[in-house]
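Here is model01.cif, consisting of mmCIF, C-alpha atoms; chains and numbers go by the auth columns:
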data_start
#
loop_
_atom_site.group_PDB
_atom_site.id
_atom_site.type_symbol
_atom_site.label_atom_id
_atom_site.label_comp_id
_atom_site.label_asym_id
_atom_site.label_seq_id
_atom_site.Cartn_x
_atom_site.Cartn_y
_atom_site.Cartn_z
_atom_site.B_iso_or_equiv
_atom_site.auth_seq_id
_atom_site.auth_asym_id
ATOM 1 C CA MET A 1 -34.142 -1.668 13.229 0.00 6 A
ATOM 2 C CA ALA A 2 -31.694 1.112 12.535 0.00 7 A
ATOM 3 C CA THR A 3 -28.189 0.752 13.856 0.00 8 A
ATOM 4 C CA THR A 4 -26.418 3.776 15.156 0.00 9 A
ATOM 5 C CA ARG A 5 -22.744 4.084 14.580 0.00 10 A
ATOM 6 C CA ARG A 6 -20.686 5.342 17.486 0.00 11 A
ATOM 7 C CA SER A 7 -17.862 7.706 16.766 0.00 12 A
ATOM 8 C CA ALA A 8 -14.391 6.623 17.742 0.00 13 A
ATOM 9 C CA PRO A 9 -12.679 8.198 20.750 0.00 14 A
ATOM 10 C CA PRO A 10 -10.658 11.359 20.016 0.00 15 A
ATOM 11 C CA VAL A 11 -7.361 9.527 20.497 0.00 16 A
ATOM 12 C CA VAL A 12 -8.279 6.946 17.852 0.00 17 A
ATOM 13 C CA GLN A 13 -9.438 9.685 15.486 0.00 18 A
ATOM 14 C CA ALA A 14 -6.127 11.515 15.956 0.00 19 A
ATOM 15 C CA LEU A 15 -4.167 8.333 15.268 0.00 20 A
ATOM 16 C CA ARG A 16 -6.138 7.718 12.082 0.00 21 A
ATOM 17 C CA ARG A 17 -5.181 11.176 10.800 0.00 22 A
ATOM 18 C CA MET A 18 -1.458 10.540 11.285 0.00 23 A
ATOM 19 C CA PRO A 19 0.654 9.533 8.288 0.00 24 A
ATOM 20 C CA ASN A 20 0.793 5.830 7.589 0.00 25 A
ATOM 21 C CA PRO A 21 3.849 5.240 5.413 0.00 26 A
ATOM 22 C CA ARG A 22 4.877 1.714 4.541 0.00 27 A
ATOM 23 C CA LEU A 23 8.634 1.374 4.387 0.00 28 A
ATOM 24 C CA THR A 24 10.502 -1.572 2.942 0.00 29 A
ATOM 25 C CA GLY A 25 13.028 -3.337 5.155 0.00 30 A
ATOM 26 C CA LEU A 26 15.864 -1.289 3.679 0.00 31 A
ATOM 27 C CA GLY A 27 13.807 1.902 3.880 0.00 32 A
ATOM 28 C CA GLY A 28 12.996 1.209 7.513 0.00 33 A
ATOM 29 C CA GLY A 29 16.674 0.682 8.260 0.00 34 A
ATOM 30 C CA LEU A 30 17.690 3.862 6.473 0.00 35 A
ATOM 31 C CA PHE A 31 14.914 5.832 8.174 0.00 36 A
ATOM 32 C CA CYS A 32 15.904 4.559 11.600 0.00 37 A
ATOM 33 C CA ALA A 33 19.632 5.087 11.064 0.00 38 A
ATOM 34 C CA ALA A 34 19.178 8.579 9.615 0.00 39 A
ATOM 35 C CA VAL A 35 16.882 9.684 12.429 0.00 40 A
ATOM 36 C CA MET A 36 19.168 8.260 15.113 0.00 41 A
ATOM 37 C CA PHE A 37 22.207 9.952 13.558 0.00 42 A
ATOM 38 C CA ALA A 38 20.306 13.253 13.405 0.00 43 A
ATOM 39 C CA LEU A 39 19.193 12.832 17.020 0.00 44 A
ATOM 40 C CA GLY A 40 22.778 12.031 18.003 0.00 45 A
ATOM 41 C CA CYS A 41 23.991 15.246 16.370 0.00 46 A
ATOM 42 C CA LEU A 42 21.171 17.205 18.003 0.00 47 A
ATOM 43 C CA ASP A 43 21.988 15.643 21.367 0.00 48 A
ATOM 44 C CA GLN A 44 25.645 16.596 20.915 0.00 49 A
ATOM 45 C CA LEU A 45 24.708 20.211 20.174 0.00 50 A
ATOM 46 C CA LEU A 46 21.994 20.747 22.779 0.00 51 A
ATOM 47 C CA PHE A 47 22.872 18.452 25.664 0.00 52 A
ATOM 48 C CA GLY A 48 26.617 17.903 25.329 0.00 53 A
ATOM 49 C CA ALA A 49 26.355 14.237 24.248 0.00 54 A
ATOM 50 C CA SER A 50 24.060 12.980 27.015 0.00 55 A
ATOM 51 C CA LEU A 51 23.714 9.243 26.523 0.00 56 A
ATOM 52 C CA THR A 52 20.553 9.167 28.623 0.00 57 A
ATOM 53 C CA VAL A 53 18.798 11.729 26.423 0.00 58 A
ATOM 54 C CA TYR A 54 19.960 9.888 23.317 0.00 59 A
ATOM 55 C CA SER A 55 18.718 6.563 24.675 0.00 60 A
ATOM 56 C CA VAL A 56 15.315 7.924 25.667 0.00 61 A
ATOM 57 C CA LEU A 57 14.898 9.377 22.171 0.00 62 A
ATOM 58 C CA PHE A 58 15.702 5.938 20.775 0.00 63 A
ATOM 59 C CA LEU A 59 12.421 4.459 22.043 0.00 64 A
ATOM 60 C CA PRO A 60 10.012 6.526 19.884 0.00 65 A
ATOM 61 C CA VAL A 61 12.206 5.859 16.856 0.00 66 A
ATOM 62 C CA CYS A 62 11.859 2.126 17.543 0.00 67 A
ATOM 63 C CA VAL A 63 8.088 2.470 17.760 0.00 68 A
ATOM 64 C CA LEU A 64 7.875 4.432 14.508 0.00 69 A
ATOM 65 C CA THR A 65 10.176 2.044 12.680 0.00 70 A
ATOM 66 C CA ALA A 66 8.178 -1.010 13.748 0.00 71 A
ATOM 67 C CA ALA A 67 4.880 0.727 12.981 0.00 72 A
ATOM 68 C CA TRP A 68 5.875 2.030 9.563 0.00 73 A
ATOM 69 C CA VAL A 69 7.622 -0.976 8.053 0.00 74 A
ATOM 70 C CA ARG A 70 5.391 -2.860 5.629 0.00 75 A
ATOM 71 C CA GLY A 71 3.879 -6.217 6.506 0.00 76 A
ATOM 72 C CA ALA A 72 6.181 -8.298 4.321 0.00 77 A
ATOM 73 C CA ASP A 73 9.278 -6.827 5.991 0.00 78 A
ATOM 74 C CA LEU A 74 8.194 -6.910 9.638 0.00 79 A
ATOM 75 C CA VAL A 75 11.055 -9.196 10.607 0.00 80 A
ATOM 76 C CA THR A 76 13.566 -6.454 9.780 0.00 81 A
ATOM 77 C CA ALA A 77 12.292 -3.976 12.386 0.00 82 A
ATOM 78 C CA PRO A 78 13.920 -5.585 15.459 0.00 83 A
ATOM 79 C CA VAL A 79 17.091 -6.162 13.435 0.00 84 A
ATOM 80 C CA VAL A 80 17.670 -2.621 12.187 0.00 85 A
ATOM 81 C CA VAL A 81 16.993 -0.717 15.402 0.00 86 A
ATOM 82 C CA PRO A 82 20.154 -1.833 17.269 0.00 87 A
ATOM 83 C CA ILE A 83 22.209 -1.097 14.166 0.00 88 A
ATOM 84 C CA ALA A 84 20.667 2.379 13.990 0.00 89 A
ATOM 85 C CA PHE A 85 21.374 2.900 17.700 0.00 90 A
ATOM 86 C CA THR A 86 25.046 2.238 16.989 0.00 91 A
ATOM 87 C CA VAL A 87 25.078 4.535 13.945 0.00 92 A
ATOM 88 C CA GLY A 88 23.583 7.328 16.024 0.00 93 A
ATOM 89 C CA LEU A 89 26.311 6.918 18.637 0.00 94 A
ATOM 90 C CA LEU A 90 28.953 8.206 16.211 0.00 95 A
ATOM 91 C CA PRO A 91 28.492 11.884 17.147 0.00 96 A
ATOM 92 C CA VAL A 92 27.632 11.146 20.792 0.00 97 A
ATOM 93 C CA ALA A 93 30.332 8.684 21.898 0.00 98 A
ATOM 94 C CA ASP A 94 33.444 9.920 23.667 0.00 99 A
ATOM 95 C CA GLY A 95 36.617 9.788 21.650 0.00 100 A
ATOM 96 C CA ASP A 96 39.146 12.559 21.516 0.00 101 A
ATOM 97 C CA GLY A 97 42.135 10.968 19.854 0.00 102 A
ATOM 98 C CA GLY A 98 41.583 8.985 16.621 0.00 103 A
ATOM 99 C CA ILE A 99 39.574 6.113 15.369 0.00 104 A
ATOM 100 C CA PHE A 100 40.412 3.645 18.133 0.00 105 A
ATOM 101 C CA SER A 101 39.410 6.157 20.786 0.00 106 A
ATOM 102 C CA ARG A 102 36.087 6.749 19.001 0.00 107 A
ATOM 103 C CA LEU A 103 35.561 2.986 18.646 0.00 108 A
ATOM 104 C CA MET A 104 36.223 2.499 22.351 0.00 109 A
ATOM 105 C CA GLY A 105 33.728 5.264 23.127 0.00 110 A
ATOM 106 C CA ILE A 106 31.078 3.516 21.017 0.00 111 A
ATOM 107 C CA VAL A 107 31.722 0.161 22.702 0.00 112 A
ATOM 108 C CA THR A 108 31.540 1.812 26.120 0.00 113 A
ATOM 109 C CA ALA A 109 28.311 3.597 25.216 0.00 114 A
ATOM 110 C CA LEU A 110 26.804 0.331 23.975 0.00 115 A
ATOM 111 C CA ALA A 111 27.770 -1.367 27.223 0.00 116 A
ATOM 112 C CA THR A 112 26.468 1.364 29.502 0.00 117 A
ATOM 113 C CA GLN A 113 23.229 1.898 27.570 0.00 118 A
ATOM 114 C CA ALA A 114 22.474 -1.795 26.984 0.00 119 A
ATOM 115 C CA GLY A 115 19.214 -1.605 28.924 0.00 120 A
ATOM 116 C CA TRP A 116 17.840 1.101 26.649 0.00 121 A
ATOM 117 C CA LEU A 117 19.130 -0.744 23.590 0.00 122 A
ATOM 118 C CA TYR A 118 17.480 -4.019 24.636 0.00 123 A
ATOM 119 C CA GLY A 119 14.308 -2.183 25.633 0.00 124 A
ATOM 120 C CA GLY A 120 13.981 -0.450 22.274 0.00 125 A
ATOM 121 C CA THR A 121 14.697 -3.666 20.423 0.00 126 A
ATOM 122 C CA LEU A 122 12.079 -5.435 22.541 0.00 127 A
ATOM 123 C CA VAL A 123 9.520 -2.703 21.811 0.00 128 A
ATOM 124 C CA ALA A 124 10.173 -3.008 18.073 0.00 129 A
ATOM 125 C CA GLY A 125 9.972 -6.796 18.284 0.00 130 A
ATOM 126 C CA VAL A 126 6.681 -6.776 20.190 0.00 131 A
ATOM 127 C CA ILE A 127 5.092 -4.272 17.801 0.00 132 A
ATOM 128 C CA ALA A 128 6.286 -6.235 14.772 0.00 133 A
ATOM 129 C CA THR A 129 5.029 -9.506 16.268 0.00 134 A
ATOM 130 C CA VAL A 130 1.596 -8.084 17.088 0.00 135 A
ATOM 131 C CA ARG A 131 1.320 -6.609 13.607 0.00 136 A
ATOM 132 C CA LYS A 132 2.329 -9.935 12.031 0.00 137 A
ATOM 133 C CA VAL A 133 -0.215 -11.895 14.091 0.00 138 A
ATOM 134 C CA ARG A 134 -2.966 -9.436 13.179 0.00 139 A
ATOM 135 C CA LEU A 135 -1.965 -9.658 9.521 0.00 140 A
ATOM 136 C CA MET A 136 -2.051 -13.463 9.602 0.00 141 A
ATOM 137 C CA ASN A 137 -5.456 -13.473 11.352 0.00 142 A
ATOM 138 C CA ARG A 138 -6.841 -11.063 8.788 0.00 143 A
ATOM 139 C CA ARG A 139 -5.619 -13.283 5.946 0.00 144 A
ATOM 140 C CA ALA A 140 -7.028 -16.391 7.606 0.00 145 A
ATOM 141 C CA GLY A 141 -10.381 -14.647 8.066 0.00 146 A
ATOM 142 C CA ARG A 142 -10.518 -13.720 4.392 0.00 147 A
ATOM 143 C CA ALA A 143 -9.654 -17.281 3.364 0.00 148 A
ATOM 144 C CA ARG A 144 -12.566 -18.673 5.440 0.00 149 A
ATOM 145 C CA MET A 145 -15.149 -16.259 4.034 0.00 150 A
ATOM 146 C CA PRO A 146 -17.392 -17.796 1.371 0.00 151 A
ATOM 147 C CA VAL A 147 -17.179 -16.007 -1.952 0.00 152 A
#

What does the file become when written as structure tokens?
Amino acid sequence: MATTRRSAPPVVQALRRMPNPRLTGLGGGLFCAAVMFALGCLDQLLFGASLTVYSVLFLPVCVLTAAWVRGADLVTAPVVVPIAFTVGLLPVADGDGGIFSRLMGIVTALATQAGWLYGGTLVAGVIATVRKVRLMNRRAGRARMPV
């Protein structure tokens, strides 16, 4: 009996063609921080430092960071994303007069955008957890296979 192989849906095929980098924990943190800083600068230029736009752009960065970090460093994904959120606030936060004014603007932005910050961290944590469980199941399945 011949088995016919079904082709994957177009969405799955498109996802398979996307790049699949594997970043170390440090690389994932640097990627996330650099992208958030660049998005903060872009937000400052295009939207006049809109915290809502910045926060919405934070979510896809969280997804990419959690998806691209390698399996051994999955625990770092939910740790680095809030740090990167704060780094990206440097160009966006209000602060006209000196360092303390800028610091107060960052603290205020963190307080007012806490929902987005927690949401992005939760997204990164869920993706990292699912990836870790799948990785552990795959390893357990290989260990049970007779050689």

>> My list of candidates is A:Gln18, A:Thr134, A:Thr70, A:Thr29. Which is closest to A:Ala82 when distances are computed with all atoms listed in the file?
In response: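 The answer is A:Thr70, which sits nearest to A:Ala82.
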
>> Let me make sure I understand: among A:Ala72, A:Ile132, A:Val97, A:Ile111, which one has the smallest atom-to-atom distance to A:Leu50 if we use only C-alpha atoms?
In response: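 Looking only at the distances to A:Leu50, the closest residue turns out to be A:Val97.
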
> the PyMOL selection byres ((chain A and resi 112) around 12) on the file shown: which residues, as a PyMOL selection string?
Replying inline: chain A and resi 90-92+94-95+97-100+105-111+113-119

> So what does the PyMOL selection byres ((chain A and resi 79) around 10) actually pick up in this one, as a list of chain:residue names?
Replying inline: A:Leu28, A:Thr29, A:Gly30, A:Gly33, A:Thr70, A:Ala71, A:Ala72, A:Trp73, A:Val74, A:Arg75, A:Gly76, A:Ala77, A:Asp78, A:Val80, A:Thr81, A:Ala82, A:Pro83, A:Val84, A:Ala129, A:Gly130, A:Ile132, A:Ala133, A:Thr134, A:Arg136, A:Lys137

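Atom CA of A:Val61 lies 9.7 Å from atom CA of A:Leu122.
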
Would you compute, for all listed atoms of stretch 126-132 of chain A, the axis-aligned bounding box grown by 4 Å on each side, and then report its centre and edge lengths in Å rounded to one decimal, as JSON?
{"center_x": 9.9, "center_y": -4.7, "center_z": 20.2, "size_x": 17.6, "size_y": 12.1, "size_z": 12.7}

>> (19.2, 13.8, 16.8) in this file's frame - what residues fall within 10 Å of it? Use all atoms listed in the file and give the answer as a list in words.
In response: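 Output: Ala39, Val40, Met41, Phe42, Ala43, Leu44, Gly45, Cys46, Leu47, Asp48, Gln49, Leu50, Leu51, Val58, Tyr59, Leu62, Phe63, Gly93, Pro96 and Val97 of chain A.
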
> What is the atom CA of A:Thr126 to atom CA of A:Ile88 distance in Å?
Replying inline: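 Pair atom CA of A:Thr126 / atom CA of A:Ile88 returns 10.1 Å.
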
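The smallest atom-to-atom distance between A:Phe36 and any of A:Trp121, A:Leu127, A:Val85, A:Ile104, using all atoms listed in the file, is found for A:Val85.
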
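The coordinates place atom CA of A:Val131 at 9.7 Å from atom CA of A:Val68.
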
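Taking all atoms listed in the file into account, A:Leu69 lies nearest to A:Pro26 out of the set A:Pro26, A:Gly146, A:Pro14, A:Gly120.
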